[in-house]
>>> print(open('model12.txt').read())   # compact mmCIF, N, CA and C atoms
# COMPACT_ATOMS: atom_id res chain seq x y z
N MET A 1 -39.67 9.33 18.35
CA MET A 1 -40.80 8.53 17.89
C MET A 1 -41.10 7.47 18.95
N LYS A 2 -42.34 7.32 19.30
CA LYS A 2 -42.74 6.35 20.32
C LYS A 2 -43.16 5.06 19.66
N TYR A 3 -42.71 3.96 20.24
CA TYR A 3 -43.02 2.64 19.72
C TYR A 3 -43.86 1.89 20.74
N THR A 4 -44.73 1.02 20.26
CA THR A 4 -45.54 0.19 21.15
C THR A 4 -44.65 -0.87 21.77
N LYS A 5 -45.16 -1.54 22.78
CA LYS A 5 -44.37 -2.57 23.45
C LYS A 5 -44.00 -3.69 22.48
N GLU A 6 -44.92 -4.06 21.60
CA GLU A 6 -44.63 -5.11 20.63
C GLU A 6 -43.51 -4.69 19.68
N GLN A 7 -43.55 -3.43 19.25
CA GLN A 7 -42.50 -2.93 18.36
C GLN A 7 -41.15 -2.89 19.08
N ARG A 8 -41.17 -2.47 20.36
CA ARG A 8 -39.93 -2.43 21.14
C ARG A 8 -39.37 -3.84 21.31
N LEU A 9 -40.25 -4.81 21.57
CA LEU A 9 -39.80 -6.19 21.72
C LEU A 9 -39.22 -6.72 20.41
N ASP A 10 -39.83 -6.33 19.29
CA ASP A 10 -39.31 -6.77 17.99
C ASP A 10 -37.93 -6.18 17.72
N ILE A 11 -37.74 -4.90 18.04
CA ILE A 11 -36.43 -4.27 17.88
C ILE A 11 -35.43 -4.97 18.80
N GLY A 12 -35.84 -5.23 20.03
CA GLY A 12 -34.98 -5.92 20.98
C GLY A 12 -34.61 -7.31 20.53
N ARG A 13 -35.57 -8.02 19.92
CA ARG A 13 -35.29 -9.37 19.41
C ARG A 13 -34.25 -9.32 18.31
N ARG A 14 -34.39 -8.36 17.40
CA ARG A 14 -33.44 -8.25 16.30
C ARG A 14 -32.02 -7.98 16.81
N ILE A 15 -31.93 -7.15 17.85
CA ILE A 15 -30.61 -6.86 18.42
C ILE A 15 -30.08 -8.09 19.15
N TYR A 16 -30.93 -8.72 19.96
CA TYR A 16 -30.51 -9.89 20.75
C TYR A 16 -30.05 -11.03 19.84
N ASP A 17 -30.78 -11.24 18.73
CA ASP A 17 -30.44 -12.32 17.81
C ASP A 17 -29.25 -12.00 16.93
N GLY A 18 -28.80 -10.76 16.95
CA GLY A 18 -27.62 -10.39 16.17
C GLY A 18 -27.92 -9.97 14.74
N GLU A 19 -29.20 -9.77 14.39
CA GLU A 19 -29.53 -9.29 13.04
C GLU A 19 -28.93 -7.91 12.81
N ILE A 20 -29.05 -7.06 13.83
CA ILE A 20 -28.50 -5.71 13.78
C ILE A 20 -27.86 -5.43 15.13
N ASP A 21 -27.00 -4.41 15.18
CA ASP A 21 -26.47 -4.02 16.47
C ASP A 21 -27.19 -2.77 16.95
N CYS A 22 -26.84 -2.31 18.14
CA CYS A 22 -27.54 -1.17 18.74
C CYS A 22 -27.42 0.09 17.88
N TYR A 23 -26.27 0.29 17.28
CA TYR A 23 -26.06 1.48 16.48
C TYR A 23 -26.87 1.44 15.18
N GLN A 24 -26.95 0.27 14.57
CA GLN A 24 -27.76 0.14 13.36
C GLN A 24 -29.24 0.33 13.70
N ALA A 25 -29.68 -0.24 14.83
CA ALA A 25 -31.07 -0.08 15.25
C ALA A 25 -31.38 1.38 15.53
N ALA A 26 -30.44 2.07 16.17
CA ALA A 26 -30.64 3.48 16.47
C ALA A 26 -30.81 4.29 15.19
N GLU A 27 -30.01 3.98 14.20
CA GLU A 27 -30.11 4.69 12.93
C GLU A 27 -31.41 4.34 12.20
N GLU A 28 -31.73 3.06 12.16
CA GLU A 28 -32.89 2.59 11.43
C GLU A 28 -34.21 3.07 12.02
N TYR A 29 -34.29 3.10 13.36
CA TYR A 29 -35.54 3.46 14.03
C TYR A 29 -35.54 4.87 14.61
N SER A 30 -34.51 5.65 14.32
CA SER A 30 -34.38 7.03 14.80
C SER A 30 -34.51 7.12 16.32
N ILE A 31 -33.72 6.29 17.01
CA ILE A 31 -33.68 6.30 18.46
C ILE A 31 -32.23 6.36 18.89
N ASN A 32 -32.00 6.64 20.16
CA ASN A 32 -30.67 6.65 20.72
C ASN A 32 -30.18 5.22 20.85
N HIS A 33 -28.86 5.00 20.75
CA HIS A 33 -28.36 3.63 20.85
C HIS A 33 -28.55 3.07 22.26
N TYR A 34 -28.63 3.94 23.27
CA TYR A 34 -28.92 3.47 24.63
C TYR A 34 -30.37 2.97 24.71
N THR A 35 -31.26 3.63 24.00
CA THR A 35 -32.65 3.19 23.95
C THR A 35 -32.74 1.84 23.27
N ALA A 36 -31.98 1.67 22.19
CA ALA A 36 -31.96 0.38 21.50
C ALA A 36 -31.45 -0.71 22.43
N ARG A 37 -30.44 -0.40 23.20
CA ARG A 37 -29.91 -1.36 24.17
C ARG A 37 -30.98 -1.69 25.22
N ASP A 38 -31.74 -0.68 25.65
CA ASP A 38 -32.81 -0.92 26.62
C ASP A 38 -33.90 -1.80 26.03
N TYR A 39 -34.19 -1.64 24.73
CA TYR A 39 -35.18 -2.51 24.07
C TYR A 39 -34.69 -3.95 24.06
N MET A 40 -33.39 -4.14 23.83
CA MET A 40 -32.83 -5.49 23.84
C MET A 40 -32.94 -6.09 25.24
N ARG A 41 -32.69 -5.28 26.26
CA ARG A 41 -32.82 -5.75 27.64
C ARG A 41 -34.27 -6.06 27.98
N LEU A 42 -35.20 -5.25 27.48
CA LEU A 42 -36.62 -5.50 27.70
C LEU A 42 -37.01 -6.84 27.10
N TYR A 43 -36.56 -7.10 25.89
CA TYR A 43 -36.84 -8.38 25.23
C TYR A 43 -36.25 -9.53 26.03
N ARG A 44 -35.01 -9.39 26.44
CA ARG A 44 -34.33 -10.44 27.19
C ARG A 44 -35.04 -10.72 28.52
N ASP A 45 -35.42 -9.66 29.22
CA ASP A 45 -36.08 -9.83 30.51
C ASP A 45 -37.50 -10.37 30.36
N THR A 46 -38.20 -9.95 29.30
CA THR A 46 -39.57 -10.42 29.08
C THR A 46 -39.60 -11.92 28.85
N TYR A 47 -38.67 -12.42 28.08
CA TYR A 47 -38.64 -13.84 27.76
C TYR A 47 -37.64 -14.62 28.61
N GLN A 48 -37.10 -13.98 29.64
CA GLN A 48 -36.19 -14.60 30.60
C GLN A 48 -35.05 -15.34 29.90
N LEU A 49 -34.39 -14.64 29.00
CA LEU A 49 -33.27 -15.19 28.26
C LEU A 49 -31.97 -14.86 28.97
N PRO A 50 -30.92 -15.64 28.76
CA PRO A 50 -29.64 -15.34 29.43
C PRO A 50 -28.98 -14.12 28.81
N LYS A 51 -28.13 -13.49 29.60
CA LYS A 51 -27.37 -12.34 29.09
C LYS A 51 -26.38 -12.81 28.04
N ARG A 52 -26.11 -11.93 27.11
CA ARG A 52 -25.12 -12.25 26.08
C ARG A 52 -23.74 -12.06 26.69
N SER A 53 -22.80 -12.90 26.30
CA SER A 53 -21.43 -12.74 26.81
C SER A 53 -20.80 -11.53 26.13
N ALA A 54 -19.71 -11.05 26.68
CA ALA A 54 -19.04 -9.86 26.14
C ALA A 54 -18.58 -10.09 24.70
N ALA A 55 -18.23 -11.32 24.36
CA ALA A 55 -17.75 -11.61 23.00
C ALA A 55 -18.87 -11.51 21.98
N THR A 56 -20.11 -11.80 22.39
CA THR A 56 -21.22 -11.74 21.45
C THR A 56 -22.12 -10.54 21.70
N HIS A 57 -21.69 -9.64 22.58
CA HIS A 57 -22.50 -8.47 22.90
C HIS A 57 -22.59 -7.58 21.67
N THR A 58 -23.79 -7.15 21.32
CA THR A 58 -23.99 -6.43 20.07
C THR A 58 -24.01 -4.92 20.23
N CYS A 59 -23.80 -4.40 21.42
CA CYS A 59 -23.82 -2.96 21.63
C CYS A 59 -22.43 -2.41 21.89
N LYS A 60 -21.42 -3.09 21.44
CA LYS A 60 -20.08 -2.59 21.65
C LYS A 60 -19.79 -1.44 20.70
N SER A 61 -18.72 -0.74 20.95
CA SER A 61 -18.43 0.46 20.18
C SER A 61 -18.20 0.14 18.71
N VAL A 62 -18.44 1.14 17.91
CA VAL A 62 -18.31 1.00 16.47
C VAL A 62 -16.85 0.85 16.11
N SER A 63 -16.53 -0.07 15.23
CA SER A 63 -15.16 -0.28 14.79
C SER A 63 -14.73 0.88 13.91
N THR A 64 -13.55 1.41 14.18
CA THR A 64 -13.04 2.53 13.41
C THR A 64 -11.73 2.15 12.75
N PRO A 65 -11.31 2.92 11.78
CA PRO A 65 -10.00 2.65 11.18
C PRO A 65 -8.89 2.76 12.21
N LEU A 66 -9.09 3.54 13.26
CA LEU A 66 -8.10 3.66 14.31
C LEU A 66 -7.85 2.32 14.97
N ALA A 67 -8.90 1.50 15.14
CA ALA A 67 -8.74 0.19 15.75
C ALA A 67 -7.83 -0.69 14.88
N ALA A 68 -7.98 -0.62 13.58
CA ALA A 68 -7.11 -1.38 12.69
C ALA A 68 -5.68 -0.87 12.77
N ASN A 69 -5.54 0.45 12.92
CA ASN A 69 -4.22 1.04 13.05
C ASN A 69 -3.55 0.61 14.34
N SER A 70 -4.34 0.49 15.43
CA SER A 70 -3.76 0.07 16.70
C SER A 70 -3.29 -1.38 16.62
N GLN A 71 -3.95 -2.21 15.81
CA GLN A 71 -3.50 -3.59 15.61
C GLN A 71 -2.15 -3.60 14.90
N ALA A 72 -1.99 -2.71 13.93
CA ALA A 72 -0.71 -2.61 13.23
C ALA A 72 0.37 -2.14 14.18
N SER A 73 0.04 -1.17 15.06
CA SER A 73 1.00 -0.68 16.05
C SER A 73 1.37 -1.78 17.02
N LEU A 74 0.39 -2.56 17.42
CA LEU A 74 0.64 -3.67 18.33
C LEU A 74 1.62 -4.66 17.70
N GLN A 75 1.43 -4.93 16.43
CA GLN A 75 2.33 -5.84 15.71
C GLN A 75 3.75 -5.27 15.68
N GLU A 76 3.85 -3.95 15.48
CA GLU A 76 5.17 -3.32 15.48
C GLU A 76 5.84 -3.45 16.84
N TYR A 77 5.07 -3.22 17.91
CA TYR A 77 5.62 -3.33 19.26
C TYR A 77 6.07 -4.76 19.57
N GLN A 78 5.34 -5.73 19.09
CA GLN A 78 5.70 -7.12 19.35
C GLN A 78 7.02 -7.50 18.67
N GLU A 79 7.32 -6.83 17.57
CA GLU A 79 8.55 -7.13 16.83
C GLU A 79 9.76 -6.37 17.36
N MET A 80 9.56 -5.40 18.29
CA MET A 80 10.66 -4.59 18.80
C MET A 80 11.48 -5.36 19.84
N THR A 81 12.74 -4.94 19.94
CA THR A 81 13.60 -5.49 21.00
C THR A 81 13.29 -4.76 22.30
N LYS A 82 13.85 -5.24 23.39
CA LYS A 82 13.61 -4.63 24.70
C LYS A 82 14.09 -3.18 24.72
N GLU A 83 15.24 -2.90 24.15
CA GLU A 83 15.80 -1.55 24.12
C GLU A 83 14.91 -0.62 23.30
N GLU A 84 14.42 -1.10 22.17
CA GLU A 84 13.53 -0.29 21.33
C GLU A 84 12.22 0.00 22.05
N LEU A 85 11.70 -0.96 22.79
CA LEU A 85 10.48 -0.74 23.56
C LEU A 85 10.69 0.31 24.64
N ILE A 86 11.85 0.25 25.31
CA ILE A 86 12.15 1.24 26.35
C ILE A 86 12.23 2.63 25.74
N GLN A 87 12.89 2.76 24.59
CA GLN A 87 12.99 4.06 23.92
C GLN A 87 11.61 4.58 23.49
N ALA A 88 10.75 3.69 22.99
CA ALA A 88 9.40 4.10 22.59
C ALA A 88 8.59 4.56 23.80
N LEU A 89 8.75 3.89 24.93
CA LEU A 89 8.06 4.28 26.16
C LEU A 89 8.53 5.63 26.65
N ILE A 90 9.84 5.84 26.64
CA ILE A 90 10.39 7.14 27.06
C ILE A 90 9.86 8.25 26.16
N GLN A 91 9.88 8.01 24.85
CA GLN A 91 9.39 9.02 23.91
C GLN A 91 7.91 9.32 24.13
N ALA A 92 7.12 8.29 24.40
CA ALA A 92 5.69 8.49 24.64
C ALA A 92 5.46 9.30 25.91
N ARG A 93 6.25 9.04 26.95
CA ARG A 93 6.11 9.81 28.20
C ARG A 93 6.53 11.26 28.02
N ILE A 94 7.58 11.48 27.24
CA ILE A 94 8.01 12.86 26.96
C ILE A 94 6.92 13.60 26.20
N THR A 95 6.37 12.96 25.18
CA THR A 95 5.30 13.57 24.38
C THR A 95 4.09 13.87 25.25
N GLU A 96 3.73 12.95 26.13
CA GLU A 96 2.59 13.16 27.01
C GLU A 96 2.83 14.34 27.95
N ALA A 97 4.02 14.45 28.52
CA ALA A 97 4.34 15.56 29.41
C ALA A 97 4.29 16.89 28.67
N ARG A 98 4.81 16.90 27.44
CA ARG A 98 4.77 18.14 26.65
C ARG A 98 3.34 18.54 26.33
N LEU A 99 2.51 17.57 25.98
CA LEU A 99 1.11 17.89 25.68
C LEU A 99 0.39 18.42 26.91
N LYS A 100 0.73 17.90 28.09
CA LYS A 100 0.13 18.41 29.33
C LYS A 100 0.52 19.85 29.57
N LYS A 101 1.75 20.20 29.16
CA LYS A 101 2.20 21.58 29.33
C LYS A 101 1.68 22.49 28.23
N GLY A 102 1.13 21.91 27.18
CA GLY A 102 0.50 22.72 26.16
C GLY A 102 1.28 22.92 24.89
N TYR A 103 2.27 22.08 24.62
CA TYR A 103 2.98 22.21 23.36
C TYR A 103 3.40 20.83 22.84
N GLU A 104 3.78 20.84 21.57
CA GLU A 104 4.22 19.61 20.92
C GLU A 104 5.42 19.94 20.04
N VAL A 105 6.38 19.03 20.00
CA VAL A 105 7.56 19.21 19.16
C VAL A 105 7.47 18.22 18.01
N LYS A 106 7.48 18.76 16.79
CA LYS A 106 7.42 17.91 15.60
C LYS A 106 8.80 17.31 15.31
N GLY A 107 8.84 16.39 14.38
CA GLY A 107 10.09 15.70 14.04
C GLY A 107 11.19 16.62 13.54
N ASP A 108 10.83 17.74 12.91
CA ASP A 108 11.84 18.66 12.40
C ASP A 108 12.27 19.68 13.44
N GLY A 109 11.78 19.56 14.66
CA GLY A 109 12.18 20.46 15.73
C GLY A 109 11.27 21.66 15.92
N SER A 110 10.27 21.83 15.05
CA SER A 110 9.36 22.95 15.20
C SER A 110 8.41 22.69 16.37
N ILE A 111 8.05 23.77 17.05
CA ILE A 111 7.20 23.67 18.25
C ILE A 111 5.82 24.21 17.91
N ILE A 112 4.81 23.46 18.32
CA ILE A 112 3.42 23.89 18.16
C ILE A 112 2.88 24.19 19.55
N GLN A 113 2.50 25.46 19.77
CA GLN A 113 1.98 25.89 21.06
C GLN A 113 0.46 25.72 21.08
N TYR A 114 -0.06 24.98 22.07
CA TYR A 114 -1.50 24.76 22.20
C TYR A 114 -2.14 25.68 23.22
N SER A 115 -1.34 26.19 24.14
CA SER A 115 -1.88 27.01 25.22
C SER A 115 -0.92 28.13 25.52
N ASN A 116 -1.46 29.30 25.83
CA ASN A 116 -0.62 30.44 26.19
C ASN A 116 -0.59 30.64 27.70
N LYS A 117 -1.16 29.72 28.45
CA LYS A 117 -1.21 29.87 29.90
C LYS A 117 0.19 29.71 30.50
N ASN A 118 0.43 30.44 31.55
CA ASN A 118 1.68 30.32 32.28
C ASN A 118 1.64 29.05 33.10
N THR A 119 2.67 28.25 33.08
CA THR A 119 2.68 26.97 33.79
C THR A 119 3.11 27.12 35.23
N LYS A 120 3.54 28.32 35.65
CA LYS A 120 3.98 28.51 37.04
C LYS A 120 2.82 28.75 37.96
>>> encode(input="model12.txt", output="structure tokens")
Amino acid sequence: MKYTKEQRLDIGRRIYDGEIDCYQAAEEYSINHYTARDYMRLYRDTYQLPKRSAATHTCKSVSTPLAANSQASLQEYQEMTKEELIQALIQARITEARLKKGYEVKGDGSIIQYSNKNTK
């Protein structure tokens, strides 16, 4: 859908002022979120306004439950001792190497094969 310059400036103003973010604007106006971001930049440049700082930037990624989970994981890591952190790091590196080779070992010892390619 094509919007006039005034409509684009209005969408940009709403994003710049923080009424909506780029993703909400994209959904509401049936446009791509990059287009919504460009409308905000058009508004900012037209009225020679300062750039928004990263803390108040309204086009950042959508918050997911995974982000909340990573905060809980971070809290767990902060409570670990040095030895426990070293063990967690070793386990993470082992898991990463196994995934690169195409398999995963579950807690009960069962192996899940992701790839049948020969690694040689």
>>> closest_residue(input="model12.txt", among="A:Ala97, A:Cys22, A:Leu89, A:Leu49", to="Arg37 in chain A", atoms="all atoms listed in the file")
A:Cys22
>>> closest_residue(input="model12.txt", among="A:Leu42, A:Ala36, A:Leu9, A:Ile90", to="Asp21 in chain A", atoms="all atoms listed in the file")
A:Ala36
>>> atom_distance(input="model12.txt", atom1="CA of Arg14 in chain A", atom2="CA of Met40 in chain A")
8.1 Å
>>> residues_around(input="model12.txt", residues="Tyr16 in chain A", least_positions_apart="3", cutoff="9 Å", atoms="only C-alpha atoms", output="list in words")
Ile11, Gly12, Arg13, Glu19, Ile20, Asp21, Met40, Arg41, Tyr43, Arg44, Arg52, His57 and Thr58 of chain A
>>> atom_distance(input="model12.txt", atom1="atom C of Ser30 in chain A", atom2="atom N of Lys51 in chain A")
25.3 Å
>>> atom_distance(input="model12.txt", atom1="atom N of Ala26 in chain A", atom2="CA of Tyr47 in chain A")
21.3 Å
>>> residues_around(input="model12.txt", residues="Tyr103 in chain A", least_positions_apart="6", cutoff="7 Å", atoms="only C-alpha atoms", output="PyMOL selection string")
chain A and resi 111-114
